[in-house]
$ cat target01.tsv   # TSV, C-alpha atoms
chain	number	residue	atom	x	y	z
Q	3	MET	CA	-26.52	-20.72	16.28
Q	4	GLU	CA	-25.34	-17.19	15.65
Q	5	LYS	CA	-25.92	-15.69	12.21
Q	6	ASP	CA	-23.03	-15.04	9.85
Q	7	ILE	CA	-22.32	-12.28	7.42
Q	8	GLN	CA	-21.19	-14.02	4.25
Q	9	HIS	CA	-19.58	-12.89	0.99
Q	10	SER	CA	-18.24	-14.86	-1.92
Q	11	GLY	CA	-14.85	-14.20	-3.43
Q	12	VAL	CA	-11.92	-15.63	-5.33
Q	13	ILE	CA	-8.56	-16.48	-3.82
Q	14	GLU	CA	-6.03	-14.01	-5.16
Q	15	ARG	CA	-2.92	-15.58	-3.61
Q	16	THR	CA	-1.87	-17.83	-0.77
Q	17	GLU	CA	1.00	-17.90	1.70
Q	18	PRO	CA	1.79	-20.58	4.28
Q	19	SER	CA	-0.52	-19.09	6.92
Q	20	VAL	CA	-2.52	-16.44	5.04
Q	21	VAL	CA	-5.02	-16.51	2.19
Q	22	TYR	CA	-5.82	-13.32	0.26
Q	23	VAL	CA	-9.36	-13.27	-1.12
Q	24	ARG	CA	-10.61	-10.76	-3.71
Q	25	ILE	CA	-14.19	-9.70	-3.21
Q	26	ILE	CA	-16.24	-7.72	-5.70
Q	27	GLN	CA	-19.38	-6.05	-4.45
Q	28	GLN	CA	-22.47	-7.67	-5.84
Q	29	PRO	CA	-25.59	-5.67	-6.68
Q	30	ALA	CA	-27.31	-7.80	-4.03
Q	31	CYS	CA	-25.42	-5.89	-1.32
Q	32	SER	CA	-27.87	-3.01	-1.69
Q	33	GLY	CA	-30.69	-5.26	-0.50
Q	34	CYS	CA	-28.73	-7.05	2.22
Q	35	HIS	CA	-29.94	-6.49	5.78
Q	36	ALA	CA	-26.35	-6.51	7.07
Q	37	LYS	CA	-24.78	-4.09	4.58
Q	38	SER	CA	-24.34	-1.36	7.20
Q	39	LEU	CA	-22.29	-3.77	9.32
Q	40	CYS	CA	-20.25	-5.25	6.53
Q	41	PRO	CA	-16.71	-4.09	5.73
Q	42	VAL	CA	-17.05	-5.18	2.10
Q	43	SER	CA	-20.38	-3.51	1.28
Q	44	GLU	CA	-18.77	-0.47	-0.31
Q	45	HIS	CA	-18.30	-0.22	-4.08
Q	46	GLY	CA	-15.35	-1.79	-5.80
Q	47	GLU	CA	-12.93	-4.56	-5.19
Q	48	LYS	CA	-11.42	-5.51	-1.84
Q	49	ILE	CA	-8.63	-7.87	-0.87
Q	50	ILE	CA	-9.32	-9.54	2.47
Q	51	GLU	CA	-6.43	-11.14	4.37
Q	52	ILE	CA	-7.57	-14.28	6.18
Q	53	GLU	CA	-5.44	-16.41	8.45
Q	54	ASP	CA	-5.60	-20.04	7.35
Q	55	ARG	CA	-3.03	-22.71	8.10
Q	56	SER	CA	-4.97	-25.59	6.55
Q	57	GLY	CA	-3.44	-25.36	3.09
Q	58	ASN	CA	-6.79	-26.47	1.62
Q	59	PHE	CA	-7.21	-23.46	-0.66
Q	60	SER	CA	-5.62	-22.63	-4.00
Q	61	VAL	CA	-5.34	-19.57	-6.24
Q	62	ASN	CA	-8.45	-18.72	-8.33
Q	63	GLU	CA	-10.65	-20.96	-6.17
Q	64	LYS	CA	-14.13	-19.62	-5.35
Q	65	VAL	CA	-14.80	-19.36	-1.62
Q	66	ASN	CA	-17.22	-17.88	0.89
Q	67	ILE	CA	-15.94	-15.60	3.63
Q	68	HIS	CA	-17.80	-15.74	6.93
Q	69	VAL	CA	-17.76	-13.41	9.92
Q	70	ARG	CA	-20.10	-13.56	12.91
Q	71	LEU	CA	-22.77	-10.86	13.01
Q	72	SER	CA	-21.69	-9.86	16.54
Q	73	GLN	CA	-18.18	-9.15	15.21
Q	74	GLY	CA	-19.70	-6.88	12.58
Q	75	MET	CA	-21.60	-4.96	15.25
Q	76	THR	CA	-18.46	-4.63	17.36
Q	77	ALA	CA	-16.61	-3.28	14.32
Q	78	VAL	CA	-19.33	-0.66	13.79
Q	79	LEU	CA	-19.03	0.33	17.45
Q	80	ILE	CA	-15.25	0.74	17.21
Q	81	ALA	CA	-15.22	2.42	13.80
Q	82	PHE	CA	-18.21	4.73	14.06
Q	83	VAL	CA	-20.05	4.94	17.39
Q	84	ILE	CA	-17.11	5.50	19.74
Q	85	PRO	CA	-15.41	8.12	17.51
Q	86	LEU	CA	-18.73	9.95	17.09
Q	87	ALA	CA	-19.35	9.96	20.84
Q	88	LEU	CA	-15.81	11.21	21.53
Q	89	THR	CA	-16.13	13.96	18.91
Q	90	VAL	CA	-19.51	15.17	20.16
Q	91	THR	CA	-18.35	15.09	23.79
Q	92	ALA	CA	-15.14	17.00	23.01
Q	93	LEU	CA	-17.06	19.48	20.87
Q	94	ALA	CA	-19.67	20.18	23.55
Q	95	THR	CA	-17.11	20.37	26.36
Q	96	ALA	CA	-14.80	22.72	24.47
Q	97	GLN	CA	-17.75	24.90	23.43
Q	98	ALA	CA	-18.97	25.12	27.04
Q	99	ILE	CA	-15.51	25.96	28.38
Q	100	SER	CA	-14.25	28.32	25.68
Q	101	GLY	CA	-17.42	29.63	24.05
Q	102	ASN	CA	-15.47	29.63	20.79
Q	103	GLU	CA	-16.79	27.47	17.95
Q	104	LEU	CA	-13.41	27.26	16.20
Q	105	ILE	CA	-11.74	25.91	19.34
Q	106	ALA	CA	-14.64	23.51	19.87
Q	107	ALA	CA	-14.36	22.22	16.29
Q	108	ALA	CA	-10.60	21.78	16.66
Q	109	ALA	CA	-11.08	19.88	19.92
Q	110	GLY	CA	-13.70	17.66	18.31
Q	111	LEU	CA	-11.31	16.73	15.52
Q	112	CYS	CA	-8.17	16.51	17.65
Q	113	ILE	CA	-9.74	14.00	20.04
Q	114	LEU	CA	-9.67	11.51	17.17
Q	115	ILE	CA	-5.86	11.57	17.01
Q	116	PRO	CA	-5.26	9.68	20.27
Q	117	TYR	CA	-8.20	7.39	19.51
Q	118	GLY	CA	-6.72	6.52	16.12
Q	119	ALA	CA	-3.32	5.98	17.73
Q	120	ALA	CA	-4.87	3.64	20.33
Q	121	ILE	CA	-6.62	1.65	17.60
Q	122	ARG	CA	-3.35	1.45	15.67
Q	123	LEU	CA	-1.50	0.17	18.75
Q	124	MET	CA	-4.20	-2.45	19.34
Q	125	ARG	CA	-4.34	-3.63	15.70
Q	126	GLY	CA	-2.79	-7.02	16.52
Q	127	LYS	CA	-5.37	-7.71	19.20
Q	128	LEU	CA	-8.19	-6.44	16.98
Q	129	LYS	CA	-6.98	-8.59	14.09
Q	130	LYS	CA	-7.34	-11.67	16.30
Q	131	LYS	CA	-10.77	-10.56	17.53
Q	132	PHE	CA	-12.18	-10.02	14.03
Q	133	ALA	CA	-11.39	-13.40	12.52
Q	134	PHE	CA	-12.80	-14.31	9.14
Q	135	THR	CA	-13.30	-17.94	8.14
Q	136	LEU	CA	-13.34	-19.53	4.70
Q	137	SER	CA	-15.44	-22.24	3.13
Q	138	LYS	CA	-15.25	-23.67	-0.34
Q	139	ILE	CA	-18.07	-23.08	-2.80
Q	140	ILE	CA	-19.14	-26.43	-4.15

$ encode --input "target01.tsv" --output "structure tokens"
Amino acid sequence: MEKDIQHSGVIERTEPSVVYVRIIQQPACSGCHAKSLCPVSEHGEKIIEIEDRSGNFSVNEKVNIHVRLSQGMTAVLIAFVIPLALTVTALATAQAISGNELIAAAAGLCILIPYGAAIRLMRGKLKKKFAFTLSKII
């Protein structure tokens, strides 16, 4: 069985097919082995939108949010590794071609514009790929 990344939260509001869960970072996040992979490990409060058509959840109910560890690693790849690789590649290529550091820096930053646009266009597909699940806290 694949490991899950799990966080507890409280249901903020519900709609017919979506549940909105408020998560507050716990001090335990600092010791969690998966905090670098977790989208909710930053400070503060987050509202997570989770597709759920069951109708089994109500406002102010305490729940656990689960996501597979492999999905967390894929998210890190998409959010950090690929943009870093693109930036470094564009930076090195532009520096080699132009010899100008300013042009190389601009190329390194500008390469992120089409990448961000591609991610934005694929947000529906990505939203389906990164599916969170809910379970009640008993």

$ closest_residue --input "target01.tsv" --among "Q:Thr91, Q:Asn66, Q:Ser100, Q:Ser56" --to "Phe134 of chain Q" --atoms "all atoms listed in the file"
Q:Asn66

$ closest_residue --input "target01.tsv" --among "Q:Gly118, Q:Lys48, Q:Asn58, Q:Leu93" --to "Ala106 of chain Q" --atoms "all atoms listed in the file"
Q:Leu93

$ closest_residue --input "target01.tsv" --among "Q:Leu123, Q:Ile80, Q:Leu88, Q:Val23" --to "Ile67 of chain Q" --atoms "all atoms listed in the file"
Q:Val23

$ atom_distance --input "target01.tsv" --atom1 "atom CA of Ile84 of chain Q" --atom2 "atom CA of Met124 of chain Q"
15.2 Å

$ residues_around --input "target01.tsv" --residues "Ile115 of chain Q" --least-positions-apart "5" --cutoff "12 Å" --atoms "all atoms listed in the file" --output "number ranges by chain"
Q: 85, 88-89, 108-110, 120-122

$ atom_distance --input "target01.tsv" --atom1 "atom CA of Met75 of chain Q" --atom2 "atom CA of Lys127 of chain Q"
16.9 Å

$ atom_distance --input "target01.tsv" --atom1 "atom CA of Leu86 of chain Q" --atom2 "atom CA of Leu114 of chain Q"
9.2 Å

$ closest_residue --input "target01.tsv" --among "Q:Leu128, Q:Ile140, Q:Ile7, Q:Ile49" --to "Ser72 of chain Q" --atoms "only C-alpha atoms"
Q:Ile7

$ residues_near_point --input "target01.tsv" --point "(-5.5, -10.0, 4.8)" --cutoff "9 Å" --atoms "all atoms listed in the file" --output "list in words"
Val20, Val21, Tyr22, Val23, Ile49, Ile50, Glu51, Ile52 and Glu53 of chain Q

$ closest_residue --input "target01.tsv" --among "Q:Gly126, Q:Gly101, Q:Gly74, Q:Pro116" --to "Gln8 of chain Q" --atoms "all atoms listed in the file"
Q:Gly74

$ residues_around --input "target01.tsv" --residues "Arg55 of chain Q" --least-positions-apart "5" --cutoff "12 Å" --atoms "all atoms listed in the file" --output "number ranges by chain"
Q: 16-21, 135-136
